[in-house]
file coords_11.txt (compact mmCIF, N, CA and C atoms)
# COMPACT_ATOMS: atom_id res chain seq x y z
N MET A 1 32.84 27.44 -22.02
CA MET A 1 32.09 26.65 -22.98
C MET A 1 31.93 25.21 -22.49
N ARG A 2 33.00 24.65 -21.92
CA ARG A 2 32.96 23.28 -21.43
C ARG A 2 31.96 23.16 -20.28
N LEU A 3 31.94 24.14 -19.38
CA LEU A 3 31.00 24.15 -18.27
C LEU A 3 29.57 24.21 -18.79
N PHE A 4 29.34 25.01 -19.80
CA PHE A 4 28.00 25.09 -20.40
C PHE A 4 27.59 23.74 -20.97
N ALA A 5 28.50 23.04 -21.63
CA ALA A 5 28.19 21.73 -22.20
C ALA A 5 27.85 20.72 -21.11
N ILE A 6 28.57 20.75 -20.00
CA ILE A 6 28.30 19.84 -18.89
C ILE A 6 26.94 20.13 -18.27
N LEU A 7 26.65 21.40 -18.04
CA LEU A 7 25.36 21.77 -17.47
C LEU A 7 24.20 21.43 -18.40
N PHE A 8 24.40 21.64 -19.68
CA PHE A 8 23.37 21.32 -20.66
C PHE A 8 23.13 19.82 -20.71
N GLY A 9 24.20 19.03 -20.64
CA GLY A 9 24.07 17.57 -20.62
C GLY A 9 23.33 17.10 -19.37
N ALA A 10 23.61 17.71 -18.23
CA ALA A 10 22.90 17.35 -17.01
C ALA A 10 21.43 17.73 -17.09
N LEU A 11 21.11 18.78 -17.78
CA LEU A 11 19.73 19.20 -17.95
C LEU A 11 18.95 18.22 -18.84
N LEU A 12 19.62 17.65 -19.83
CA LEU A 12 18.97 16.73 -20.75
C LEU A 12 18.69 15.37 -20.14
N ALA A 13 19.54 14.91 -19.25
CA ALA A 13 19.37 13.59 -18.65
C ALA A 13 19.64 13.69 -17.15
N SER A 14 18.71 13.22 -16.37
CA SER A 14 18.90 13.23 -14.93
C SER A 14 18.42 11.91 -14.36
N ALA A 15 18.92 11.57 -13.18
CA ALA A 15 18.55 10.31 -12.55
C ALA A 15 18.78 10.39 -11.05
N CYS A 16 18.07 9.54 -10.34
CA CYS A 16 18.33 9.38 -8.91
C CYS A 16 18.07 7.94 -8.55
N THR A 17 18.76 7.46 -7.52
CA THR A 17 18.68 6.07 -7.11
C THR A 17 18.65 6.00 -5.60
N SER A 18 17.89 5.06 -5.05
CA SER A 18 17.91 4.80 -3.61
C SER A 18 18.07 3.30 -3.40
N THR A 19 18.79 2.93 -2.36
CA THR A 19 19.08 1.53 -2.07
C THR A 19 18.81 1.26 -0.60
N GLY A 20 18.27 0.10 -0.31
CA GLY A 20 18.03 -0.31 1.07
C GLY A 20 18.19 -1.81 1.19
N THR A 21 18.30 -2.30 2.43
CA THR A 21 18.42 -3.74 2.65
C THR A 21 17.27 -4.22 3.53
N LEU A 22 16.85 -5.44 3.28
CA LEU A 22 15.78 -6.07 4.03
C LEU A 22 16.25 -7.45 4.45
N GLY A 23 15.71 -7.96 5.53
CA GLY A 23 16.08 -9.31 5.98
C GLY A 23 15.58 -10.37 5.04
N MET A 24 14.30 -10.25 4.62
CA MET A 24 13.70 -11.24 3.75
C MET A 24 12.59 -10.60 2.93
N VAL A 25 12.45 -11.01 1.68
CA VAL A 25 11.32 -10.63 0.84
C VAL A 25 10.73 -11.89 0.24
N SER A 26 9.40 -11.89 0.10
CA SER A 26 8.70 -13.01 -0.51
C SER A 26 7.38 -12.51 -1.06
N ARG A 27 6.63 -13.41 -1.67
CA ARG A 27 5.31 -13.05 -2.21
C ARG A 27 4.21 -13.11 -1.17
N SER A 28 4.44 -13.83 -0.09
CA SER A 28 3.37 -14.02 0.89
C SER A 28 3.91 -14.02 2.30
N THR A 29 3.01 -13.90 3.26
CA THR A 29 3.41 -13.93 4.67
C THR A 29 3.68 -15.36 5.12
N ALA A 30 3.28 -16.35 4.33
CA ALA A 30 3.52 -17.75 4.69
C ALA A 30 5.02 -18.05 4.79
N ALA A 31 5.82 -17.40 3.96
CA ALA A 31 7.27 -17.62 4.01
C ALA A 31 7.84 -17.09 5.32
N ALA A 32 7.36 -15.95 5.77
CA ALA A 32 7.84 -15.39 7.04
C ALA A 32 7.44 -16.31 8.19
N GLU A 33 6.23 -16.84 8.16
CA GLU A 33 5.77 -17.76 9.21
C GLU A 33 6.61 -19.04 9.20
N ALA A 34 6.92 -19.56 8.03
CA ALA A 34 7.73 -20.76 7.92
C ALA A 34 9.13 -20.52 8.50
N LEU A 35 9.69 -19.35 8.23
CA LEU A 35 11.02 -19.04 8.74
C LEU A 35 10.99 -18.89 10.26
N LYS A 36 9.96 -18.22 10.79
CA LYS A 36 9.83 -18.05 12.24
C LYS A 36 9.65 -19.38 12.96
N SER A 37 8.95 -20.31 12.33
CA SER A 37 8.66 -21.59 12.98
C SER A 37 9.87 -22.53 12.97
N GLY A 38 10.93 -22.14 12.30
CA GLY A 38 12.14 -22.97 12.28
C GLY A 38 12.13 -24.03 11.18
N ARG A 39 11.24 -23.90 10.24
CA ARG A 39 11.18 -24.86 9.13
C ARG A 39 12.48 -24.81 8.33
N SER A 40 12.99 -25.95 7.96
CA SER A 40 14.28 -25.98 7.26
C SER A 40 14.09 -25.55 5.80
N PHE A 41 15.18 -25.04 5.24
CA PHE A 41 15.16 -24.58 3.85
C PHE A 41 16.48 -24.89 3.18
N LYS A 42 16.45 -24.84 1.87
CA LYS A 42 17.65 -25.08 1.07
C LYS A 42 18.01 -23.78 0.35
N GLU A 43 19.28 -23.40 0.42
CA GLU A 43 19.75 -22.22 -0.31
C GLU A 43 19.93 -22.59 -1.78
N LEU A 44 19.38 -21.76 -2.66
CA LEU A 44 19.48 -21.99 -4.09
C LEU A 44 20.55 -21.14 -4.76
N GLY A 45 21.10 -20.19 -4.02
CA GLY A 45 22.15 -19.32 -4.57
C GLY A 45 21.65 -17.91 -4.78
N PRO A 46 22.47 -17.07 -5.37
CA PRO A 46 22.09 -15.67 -5.59
C PRO A 46 20.97 -15.54 -6.61
N ALA A 47 20.12 -14.56 -6.38
CA ALA A 47 19.00 -14.30 -7.30
C ALA A 47 18.86 -12.80 -7.49
N HIS A 48 18.37 -12.43 -8.67
CA HIS A 48 18.19 -11.01 -8.99
C HIS A 48 16.94 -10.87 -9.87
N GLY A 49 16.14 -9.88 -9.57
CA GLY A 49 14.97 -9.60 -10.39
C GLY A 49 14.84 -8.11 -10.62
N LYS A 50 14.27 -7.72 -11.75
CA LYS A 50 14.14 -6.31 -12.10
C LYS A 50 12.79 -6.08 -12.77
N SER A 51 12.24 -4.91 -12.54
CA SER A 51 10.97 -4.53 -13.13
C SER A 51 11.00 -3.04 -13.43
N CYS A 52 10.52 -2.64 -14.61
CA CYS A 52 10.56 -1.23 -15.01
C CYS A 52 9.20 -0.73 -15.49
N ARG A 53 8.97 0.55 -15.28
CA ARG A 53 7.77 1.24 -15.77
C ARG A 53 8.25 2.44 -16.58
N PHE A 54 7.67 2.64 -17.75
CA PHE A 54 8.09 3.69 -18.66
C PHE A 54 6.98 4.72 -18.83
N PHE A 55 7.38 5.96 -19.09
CA PHE A 55 6.43 7.05 -19.32
C PHE A 55 6.84 7.83 -20.55
N ALA A 56 5.91 8.03 -21.47
CA ALA A 56 6.15 8.87 -22.65
C ALA A 56 5.30 10.12 -22.49
N LEU A 57 5.92 11.25 -22.67
CA LEU A 57 5.25 12.56 -22.57
C LEU A 57 4.60 12.77 -21.20
N GLY A 58 5.05 12.05 -20.19
CA GLY A 58 4.50 12.19 -18.84
C GLY A 58 3.08 11.72 -18.70
N LEU A 59 2.49 11.17 -19.76
CA LEU A 59 1.08 10.78 -19.73
C LEU A 59 0.83 9.31 -20.07
N LEU A 60 1.69 8.71 -20.85
CA LEU A 60 1.44 7.37 -21.36
C LEU A 60 2.34 6.36 -20.65
N PRO A 61 1.83 5.72 -19.57
CA PRO A 61 2.66 4.75 -18.86
C PRO A 61 2.48 3.33 -19.41
N TRP A 62 3.52 2.52 -19.29
CA TRP A 62 3.41 1.09 -19.57
C TRP A 62 4.49 0.37 -18.76
N GLY A 63 4.20 -0.86 -18.41
CA GLY A 63 5.11 -1.65 -17.60
C GLY A 63 4.74 -1.59 -16.13
N ASP A 64 5.49 -2.32 -15.32
CA ASP A 64 5.26 -2.39 -13.88
C ASP A 64 6.61 -2.28 -13.18
N GLY A 65 6.86 -1.18 -12.52
CA GLY A 65 8.15 -0.95 -11.89
C GLY A 65 8.14 -1.14 -10.39
N THR A 66 7.26 -2.01 -9.88
CA THR A 66 7.14 -2.18 -8.43
C THR A 66 8.15 -3.17 -7.88
N VAL A 67 8.44 -3.04 -6.59
CA VAL A 67 9.34 -3.96 -5.91
C VAL A 67 8.72 -5.35 -5.87
N SER A 68 7.41 -5.44 -5.71
CA SER A 68 6.76 -6.76 -5.68
C SER A 68 6.91 -7.49 -7.01
N ASP A 69 6.84 -6.79 -8.12
CA ASP A 69 7.04 -7.41 -9.42
C ASP A 69 8.49 -7.86 -9.59
N ALA A 70 9.43 -7.06 -9.14
CA ALA A 70 10.84 -7.44 -9.21
C ALA A 70 11.12 -8.66 -8.32
N THR A 71 10.46 -8.72 -7.16
CA THR A 71 10.60 -9.87 -6.27
C THR A 71 10.06 -11.12 -6.93
N SER A 72 8.87 -11.03 -7.53
CA SER A 72 8.29 -12.18 -8.24
C SER A 72 9.20 -12.64 -9.37
N ASN A 73 9.80 -11.69 -10.08
CA ASN A 73 10.72 -12.01 -11.17
C ASN A 73 11.90 -12.81 -10.64
N ALA A 74 12.50 -12.37 -9.52
CA ALA A 74 13.66 -13.06 -8.94
C ALA A 74 13.28 -14.45 -8.43
N LEU A 75 12.11 -14.57 -7.79
CA LEU A 75 11.69 -15.86 -7.25
C LEU A 75 11.35 -16.85 -8.37
N ASP A 76 10.71 -16.36 -9.43
CA ASP A 76 10.33 -17.23 -10.55
C ASP A 76 11.55 -17.80 -11.26
N LYS A 77 12.60 -17.01 -11.39
CA LYS A 77 13.81 -17.47 -12.10
C LYS A 77 14.42 -18.69 -11.43
N ASN A 78 14.34 -18.75 -10.08
CA ASN A 78 14.99 -19.83 -9.34
C ASN A 78 14.01 -20.83 -8.74
N GLY A 79 12.72 -20.62 -8.89
CA GLY A 79 11.74 -21.49 -8.24
C GLY A 79 11.83 -21.38 -6.73
N ALA A 80 12.13 -20.20 -6.24
CA ALA A 80 12.35 -19.98 -4.81
C ALA A 80 11.07 -19.55 -4.10
N ASP A 81 11.09 -19.67 -2.77
CA ASP A 81 9.98 -19.22 -1.94
C ASP A 81 10.24 -17.83 -1.36
N ALA A 82 11.51 -17.47 -1.17
CA ALA A 82 11.85 -16.18 -0.56
C ALA A 82 13.30 -15.83 -0.88
N LEU A 83 13.66 -14.58 -0.62
CA LEU A 83 15.05 -14.10 -0.73
C LEU A 83 15.49 -13.63 0.64
N LEU A 84 16.64 -14.10 1.08
CA LEU A 84 17.22 -13.66 2.34
C LEU A 84 18.29 -12.62 2.07
N ASN A 85 18.54 -11.75 3.06
CA ASN A 85 19.54 -10.68 2.93
C ASN A 85 19.34 -9.90 1.64
N ALA A 86 18.11 -9.48 1.43
CA ALA A 86 17.73 -8.83 0.17
C ALA A 86 18.16 -7.37 0.13
N THR A 87 18.58 -6.94 -1.03
CA THR A 87 18.88 -5.54 -1.32
C THR A 87 17.87 -5.06 -2.33
N VAL A 88 17.24 -3.94 -2.04
CA VAL A 88 16.23 -3.38 -2.92
C VAL A 88 16.73 -2.03 -3.42
N GLU A 89 16.64 -1.82 -4.72
CA GLU A 89 17.09 -0.56 -5.32
C GLU A 89 16.01 -0.04 -6.25
N THR A 90 15.73 1.24 -6.13
CA THR A 90 14.80 1.88 -7.06
C THR A 90 15.51 3.05 -7.73
N SER A 91 15.25 3.22 -9.00
CA SER A 91 15.90 4.28 -9.78
C SER A 91 14.87 4.99 -10.64
N LEU A 92 15.10 6.26 -10.85
CA LEU A 92 14.25 7.07 -11.74
C LEU A 92 15.15 7.79 -12.71
N TYR A 93 14.86 7.66 -13.99
CA TYR A 93 15.65 8.28 -15.04
C TYR A 93 14.74 9.18 -15.87
N GLY A 94 15.23 10.33 -16.21
CA GLY A 94 14.46 11.24 -17.05
C GLY A 94 15.32 11.83 -18.14
N PHE A 95 14.76 11.93 -19.32
CA PHE A 95 15.45 12.51 -20.46
C PHE A 95 14.68 13.75 -20.87
N ILE A 96 15.37 14.86 -20.89
CA ILE A 96 14.78 16.18 -21.08
C ILE A 96 13.63 16.34 -20.06
N PRO A 97 13.99 16.32 -18.75
CA PRO A 97 12.98 16.28 -17.70
C PRO A 97 12.07 17.50 -17.66
N ILE A 98 12.49 18.63 -18.20
CA ILE A 98 11.64 19.82 -18.18
C ILE A 98 10.35 19.55 -18.94
N TYR A 99 10.45 18.86 -20.07
CA TYR A 99 9.28 18.57 -20.89
C TYR A 99 8.74 17.16 -20.69
N GLN A 100 9.41 16.35 -19.86
CA GLN A 100 9.04 14.96 -19.58
C GLN A 100 8.77 14.18 -20.85
N LEU A 101 9.68 14.28 -21.81
CA LEU A 101 9.50 13.54 -23.06
C LEU A 101 9.52 12.03 -22.83
N PHE A 102 10.48 11.57 -22.04
CA PHE A 102 10.57 10.15 -21.75
C PHE A 102 11.23 9.97 -20.40
N SER A 103 10.66 9.13 -19.57
CA SER A 103 11.28 8.78 -18.29
C SER A 103 10.90 7.35 -17.95
N TYR A 104 11.67 6.77 -17.04
CA TYR A 104 11.32 5.44 -16.58
C TYR A 104 11.86 5.23 -15.17
N THR A 105 11.19 4.34 -14.47
CA THR A 105 11.59 3.99 -13.12
C THR A 105 11.74 2.48 -13.04
N CYS A 106 12.78 2.02 -12.38
CA CYS A 106 13.05 0.59 -12.25
C CYS A 106 13.26 0.22 -10.79
N SER A 107 12.80 -0.95 -10.44
CA SER A 107 13.06 -1.53 -9.12
C SER A 107 13.80 -2.83 -9.35
N SER A 108 14.82 -3.07 -8.54
CA SER A 108 15.54 -4.34 -8.63
C SER A 108 15.73 -4.90 -7.22
N VAL A 109 15.71 -6.22 -7.15
CA VAL A 109 15.84 -6.93 -5.88
C VAL A 109 16.90 -8.00 -6.07
N SER A 110 17.82 -8.09 -5.11
CA SER A 110 18.87 -9.11 -5.13
C SER A 110 18.95 -9.75 -3.75
N GLY A 111 19.29 -11.01 -3.70
CA GLY A 111 19.45 -11.69 -2.42
C GLY A 111 19.78 -13.15 -2.63
N THR A 112 19.75 -13.91 -1.54
CA THR A 112 19.99 -15.34 -1.59
C THR A 112 18.65 -16.05 -1.66
N ALA A 113 18.42 -16.78 -2.74
CA ALA A 113 17.16 -17.49 -2.94
C ALA A 113 17.12 -18.72 -2.05
N ILE A 114 15.94 -18.95 -1.42
CA ILE A 114 15.76 -20.14 -0.59
C ILE A 114 14.46 -20.85 -0.98
N LYS A 115 14.45 -22.14 -0.76
CA LYS A 115 13.26 -22.97 -1.00
C LYS A 115 13.02 -23.75 0.29
N PHE A 116 11.82 -23.64 0.86
CA PHE A 116 11.50 -24.35 2.09
C PHE A 116 11.32 -25.84 1.81
N GLU A 117 11.84 -26.66 2.74
CA GLU A 117 11.68 -28.09 2.64
C GLU A 117 10.23 -28.44 2.97
N PRO A 118 9.71 -29.52 2.38
CA PRO A 118 8.34 -29.92 2.71
C PRO A 118 8.23 -30.25 4.20
N GLU A 119 7.07 -29.91 4.77
CA GLU A 119 6.86 -30.20 6.18
C GLU A 119 6.76 -31.70 6.39
N ALA A 120 7.39 -32.16 7.47
CA ALA A 120 7.31 -33.57 7.79
C ALA A 120 5.92 -33.86 8.33
N SER A 121 5.28 -34.90 7.82
CA SER A 121 3.94 -35.23 8.30
C SER A 121 4.05 -35.98 9.62
N ALA A 122 3.06 -35.79 10.46
CA ALA A 122 3.07 -36.42 11.78
C ALA A 122 2.87 -37.93 11.63
N VAL A 123 3.63 -38.69 12.39
CA VAL A 123 3.54 -40.15 12.37
C VAL A 123 2.64 -40.60 13.50
N ASN A 124 1.62 -41.42 13.22
CA ASN A 124 0.68 -41.91 14.26
C ASN A 124 1.01 -43.31 14.65

call {"tool": "encode", "arguments": {"input": "coords_11.txt", "output": "structure tokens"}}
result
Amino acid sequence: MRLFAILFGALLASACTSTGTLGMVSRSTAAAEALKSGRSFKELGPAHGKSCRFFALGLLPWGDGTVSDATSNALDKNGADALLNATVETSLYGFIPIYQLFSYTCSSVSGTAIKFEPEASAVN
């Protein structure tokens, strides 16, 4: 009976998660170019952003569960230009997955927030 209850509970709710690491994430390629050129930056500390997309009955979606939205969320919180040593995680959760009554997927990004210093203007 206990085994049946465990299997039934697993059938009602299921989830999977994947995690990866990246050197840097940002909203634009300008941040990568600034880093390559040796432009100085200031560390702002740890940052975390999350974004979720929900589905009702497998047909009605709302929200934005993309990594880019989670990155924007993390950068906006700190006024940062990029995240270094970033960890990206995506998760999918389903409740009564056979009938797809409700499910959602979330992306989260964590890393060290940085802000690039203004470029020094050339002196004539």

call {"tool": "residues_near_point", "arguments": {"input": "coords_11.txt", "point": "(19.5, -8.5, 5.0)", "cutoff": "6 Å", "atoms": "only C-alpha atoms", "output": "short mmCIF file (atom, residue, chain, number, x, y, z; two decimals) with N, CA and C atoms, in the frame of the given file"}}
result
data_model
loop_
_atom_site.label_atom_id
_atom_site.label_comp_id
_atom_site.auth_asym_id
_atom_site.auth_seq_id
_atom_site.Cartn_x
_atom_site.Cartn_y
_atom_site.Cartn_z
N THR A 21 18.30 -2.30 2.43
CA THR A 21 18.42 -3.74 2.65
C THR A 21 17.27 -4.22 3.53
N LEU A 22 16.85 -5.44 3.28
CA LEU A 22 15.78 -6.07 4.03
C LEU A 22 16.25 -7.45 4.45
N GLY A 23 15.71 -7.96 5.53
CA GLY A 23 16.08 -9.31 5.98
C GLY A 23 15.58 -10.37 5.04
N ASN A 85 18.54 -11.75 3.06
CA ASN A 85 19.54 -10.68 2.93
C ASN A 85 19.34 -9.90 1.64
N ALA A 86 18.11 -9.48 1.43
CA ALA A 86 17.73 -8.83 0.17
C ALA A 86 18.16 -7.37 0.13
#

call {"tool": "atom_distance", "arguments": {"input": "coords_11.txt", "atom1": "atom C of A:Thr112", "atom2": "atom C of A:Ala31"}}
result
12.9 Å

call {"tool": "residues_around", "arguments": {"input": "coords_11.txt", "residues": "A:Ser72", "least_positions_apart": "4", "cutoff": "7 Å", "atoms": "all atoms listed in the file", "output": "list in words"}}
result
Ser26, Arg27, Gly49, Val67, Ser68, Asp76 and Lys77 of chain A

call {"tool": "write_last_selection", "arguments": {"input": "coords_11.txt", "atoms": "N, CA and C atoms", "output": "CSV table (one decimal), in the frame of the given file"}}
result
chain,number,residue,atom,x,y,z
A,26,SER,N,9.4,-11.9,0.1
A,26,SER,CA,8.7,-13.0,-0.5
A,26,SER,C,7.4,-12.5,-1.1
A,27,ARG,N,6.6,-13.4,-1.7
A,27,ARG,CA,5.3,-13.0,-2.2
A,27,ARG,C,4.2,-13.1,-1.2
A,49,GLY,N,16.1,-9.9,-9.6
A,49,GLY,CA,15.0,-9.6,-10.4
A,49,GLY,C,14.8,-8.1,-10.6
A,67,VAL,N,8.4,-3.0,-6.6
A,67,VAL,CA,9.3,-4.0,-5.9
A,67,VAL,C,8.7,-5.4,-5.9
A,68,SER,N,7.4,-5.4,-5.7
A,68,SER,CA,6.8,-6.8,-5.7
A,68,SER,C,6.9,-7.5,-7.0
A,76,ASP,N,10.7,-16.4,-9.4
A,76,ASP,CA,10.3,-17.2,-10.6
A,76,ASP,C,11.6,-17.8,-11.3
A,77,LYS,N,12.6,-17.0,-11.4
A,77,LYS,CA,13.8,-17.5,-12.1
A,77,LYS,C,14.4,-18.7,-11.4

call {"tool": "atom_distance", "arguments": {"input": "coords_11.txt", "atom1": "atom CA of A:Leu75", "atom2": "atom N of A:Gly111"}}
result
9.7 Å

call {"tool": "select_by_dssp", "arguments": {"input": "coords_11.txt", "residues": "chain A", "states": "strand (DSSP E or B)", "output": "PyMOL selection string"}}
result
chain A and resi 13-26+41-56+60-63+82-95+102-116

call {"tool": "atom_distance", "arguments": {"input": "coords_11.txt", "atom1": "atom CA of A:Lys50", "atom2": "atom CA of A:Ile114"}}
result
18.1 Å

call {"tool": "residues_around", "arguments": {"input": "coords_11.txt", "residues": "A:Gly63", "least_positions_apart": "5", "cutoff": "7 Å", "atoms": "only N, CA and C atoms", "output": "NGL selection string"}}
result
:A and (51-54)

call {"tool": "select_by_dssp", "arguments": {"input": "coords_11.txt", "residues": "chain A", "states": "helix (DSSP H, G or I)", "output": "VMD selection string"}}
result
chain A and resid 2 to 12 29 to 36 67 to 78

call {"tool": "write_last_selection", "arguments": {"input": "coords_11.txt", "atoms": "N, CA and C atoms", "output": "mmCIF file, in the coordinates of the input"}}
result
data_model
loop_
_atom_site.group_PDB
_atom_site.id
_atom_site.type_symbol
_atom_site.label_atom_id
_atom_site.label_comp_id
_atom_site.auth_asym_id
_atom_site.auth_seq_id
_atom_site.Cartn_x
_atom_site.Cartn_y
_atom_site.Cartn_z
ATOM 1 N N ARG A 2 33.000 24.650 -21.920
ATOM 2 C CA ARG A 2 32.960 23.280 -21.430
ATOM 3 C C ARG A 2 31.960 23.160 -20.280
ATOM 4 N N LEU A 3 31.940 24.140 -19.380
ATOM 5 C CA LEU A 3 31.000 24.150 -18.270
ATOM 6 C C LEU A 3 29.570 24.210 -18.790
ATOM 7 N N PHE A 4 29.340 25.010 -19.800
ATOM 8 C CA PHE A 4 28.000 25.090 -20.400
ATOM 9 C C PHE A 4 27.590 23.740 -20.970
ATOM 10 N N ALA A 5 28.500 23.040 -21.630
ATOM 11 C CA ALA A 5 28.190 21.730 -22.200
ATOM 12 C C ALA A 5 27.850 20.720 -21.110
ATOM 13 N N ILE A 6 28.570 20.750 -20.000
ATOM 14 C CA ILE A 6 28.300 19.840 -18.890
ATOM 15 C C ILE A 6 26.940 20.130 -18.270
ATOM 16 N N LEU A 7 26.650 21.400 -18.040
ATOM 17 C CA LEU A 7 25.360 21.770 -17.470
ATOM 18 C C LEU A 7 24.200 21.430 -18.400
ATOM 19 N N PHE A 8 24.400 21.640 -19.680
ATOM 20 C CA PHE A 8 23.370 21.320 -20.660
ATOM 21 C C PHE A 8 23.130 19.820 -20.710
ATOM 22 N N GLY A 9 24.200 19.030 -20.640
ATOM 23 C CA GLY A 9 24.070 17.570 -20.620
ATOM 24 C C GLY A 9 23.330 17.100 -19.370
ATOM 25 N N ALA A 10 23.610 17.710 -18.230
ATOM 26 C CA ALA A 10 22.900 17.350 -17.010
ATOM 27 C C ALA A 10 21.430 17.730 -17.090
ATOM 28 N N LEU A 11 21.110 18.780 -17.780
ATOM 29 C CA LEU A 11 19.730 19.200 -17.950
ATOM 30 C C LEU A 11 18.950 18.220 -18.840
ATOM 31 N N LEU A 12 19.620 17.650 -19.830
ATOM 32 C CA LEU A 12 18.970 16.730 -20.750
ATOM 33 C C LEU A 12 18.690 15.370 -20.140
ATOM 34 N N THR A 29 3.010 -13.900 3.260
ATOM 35 C CA THR A 29 3.410 -13.930 4.670
ATOM 36 C C THR A 29 3.680 -15.360 5.120
ATOM 37 N N ALA A 30 3.280 -16.350 4.330
ATOM 38 C CA ALA A 30 3.520 -17.750 4.690
ATOM 39 C C ALA A 30 5.020 -18.050 4.790
ATOM 40 N N ALA A 31 5.820 -17.400 3.960
ATOM 41 C CA ALA A 31 7.270 -17.620 4.010
ATOM 42 C C ALA A 31 7.840 -17.090 5.320
ATOM 43 N N ALA A 32 7.360 -15.950 5.770
ATOM 44 C CA ALA A 32 7.840 -15.390 7.040
ATOM 45 C C ALA A 32 7.440 -16.310 8.190
ATOM 46 N N GLU A 33 6.230 -16.840 8.160
ATOM 47 C CA GLU A 33 5.770 -17.760 9.210
ATOM 48 C C GLU A 33 6.610 -19.040 9.200
ATOM 49 N N ALA A 34 6.920 -19.560 8.030
ATOM 50 C CA ALA A 34 7.730 -20.760 7.920
ATOM 51 C C ALA A 34 9.130 -20.520 8.500
ATOM 52 N N LEU A 35 9.690 -19.350 8.230
ATOM 53 C CA LEU A 35 11.020 -19.040 8.740
ATOM 54 C C LEU A 35 10.990 -18.890 10.260
ATOM 55 N N LYS A 36 9.960 -18.220 10.790
ATOM 56 C CA LYS A 36 9.830 -18.050 12.240
ATOM 57 C C LYS A 36 9.650 -19.380 12.960
ATOM 58 N N VAL A 67 8.440 -3.040 -6.590
ATOM 59 C CA VAL A 67 9.340 -3.960 -5.910
ATOM 60 C C VAL A 67 8.720 -5.350 -5.870
ATOM 61 N N SER A 68 7.410 -5.440 -5.710
ATOM 62 C CA SER A 68 6.760 -6.760 -5.680
ATOM 63 C C SER A 68 6.910 -7.490 -7.010
ATOM 64 N N ASP A 69 6.840 -6.790 -8.120
ATOM 65 C CA ASP A 69 7.040 -7.410 -9.420
ATOM 66 C C ASP A 69 8.490 -7.860 -9.590
ATOM 67 N N ALA A 70 9.430 -7.060 -9.140
ATOM 68 C CA ALA A 70 10.840 -7.440 -9.210
ATOM 69 C C ALA A 70 11.120 -8.660 -8.320
ATOM 70 N N THR A 71 10.460 -8.720 -7.160
ATOM 71 C CA THR A 71 10.600 -9.870 -6.270
ATOM 72 C C THR A 71 10.060 -11.120 -6.930
ATOM 73 N N SER A 72 8.870 -11.030 -7.530
ATOM 74 C CA SER A 72 8.290 -12.180 -8.240
ATOM 75 C C SER A 72 9.200 -12.640 -9.370
ATOM 76 N N ASN A 73 9.800 -11.690 -10.080
ATOM 77 C CA ASN A 73 10.720 -12.010 -11.170
ATOM 78 C C ASN A 73 11.900 -12.810 -10.640
ATOM 79 N N ALA A 74 12.500 -12.370 -9.520
ATOM 80 C CA ALA A 74 13.660 -13.060 -8.940
ATOM 81 C C ALA A 74 13.280 -14.450 -8.430
ATOM 82 N N LEU A 75 12.110 -14.570 -7.790
ATOM 83 C CA LEU A 75 11.690 -15.860 -7.250
ATOM 84 C C LEU A 75 11.350 -16.850 -8.370
ATOM 85 N N ASP A 76 10.710 -16.360 -9.430
ATOM 86 C CA ASP A 76 10.330 -17.230 -10.550
ATOM 87 C C ASP A 76 11.550 -17.800 -11.260
ATOM 88 N N LYS A 77 12.600 -17.010 -11.390
ATOM 89 C CA LYS A 77 13.810 -17.470 -12.100
ATOM 90 C C LYS A 77 14.420 -18.690 -11.430
ATOM 91 N N ASN A 78 14.340 -18.750 -10.080
ATOM 92 C CA ASN A 78 14.990 -19.830 -9.340
ATOM 93 C C ASN A 78 14.010 -20.830 -8.740
#

call {"tool": "axis_aligned_box", "arguments": {"input": "coords_11.txt", "around": "stretch 25-35 of chain A", "padding_each_side": "4 Å", "output": "JSON"}}
result
{"center_x": 7.7, "center_y": -15.7, "center_z": 4.0, "size_x": 17.4, "size_y": 18.1, "size_z": 20.5}

call {"tool": "residues_around", "arguments": {"input": "coords_11.txt", "residues": "A:Phe41", "least_positions_apart": "5", "cutoff": "8 Å", "atoms": "only C-alpha atoms", "output": "list of chain:residue names"}}
result
A:Ile114, A:Lys115, A:Phe116, A:Glu117

call {"tool": "closest_residue", "arguments": {"input": "coords_11.txt", "among": "A:Phe102, A:Ala56, A:Ala113, A:Met24", "to": "A:Gly79", "atoms": "all atoms listed in the file"}}
result
A:Ala113

call {"tool": "closest_residue", "arguments": {"input": "coords_11.txt", "among": "A:Thr17, A:Ser28, A:Gly38, A:Leu44", "to": "A:Ala80", "atoms": "only C-alpha atoms"}}
result
A:Leu44
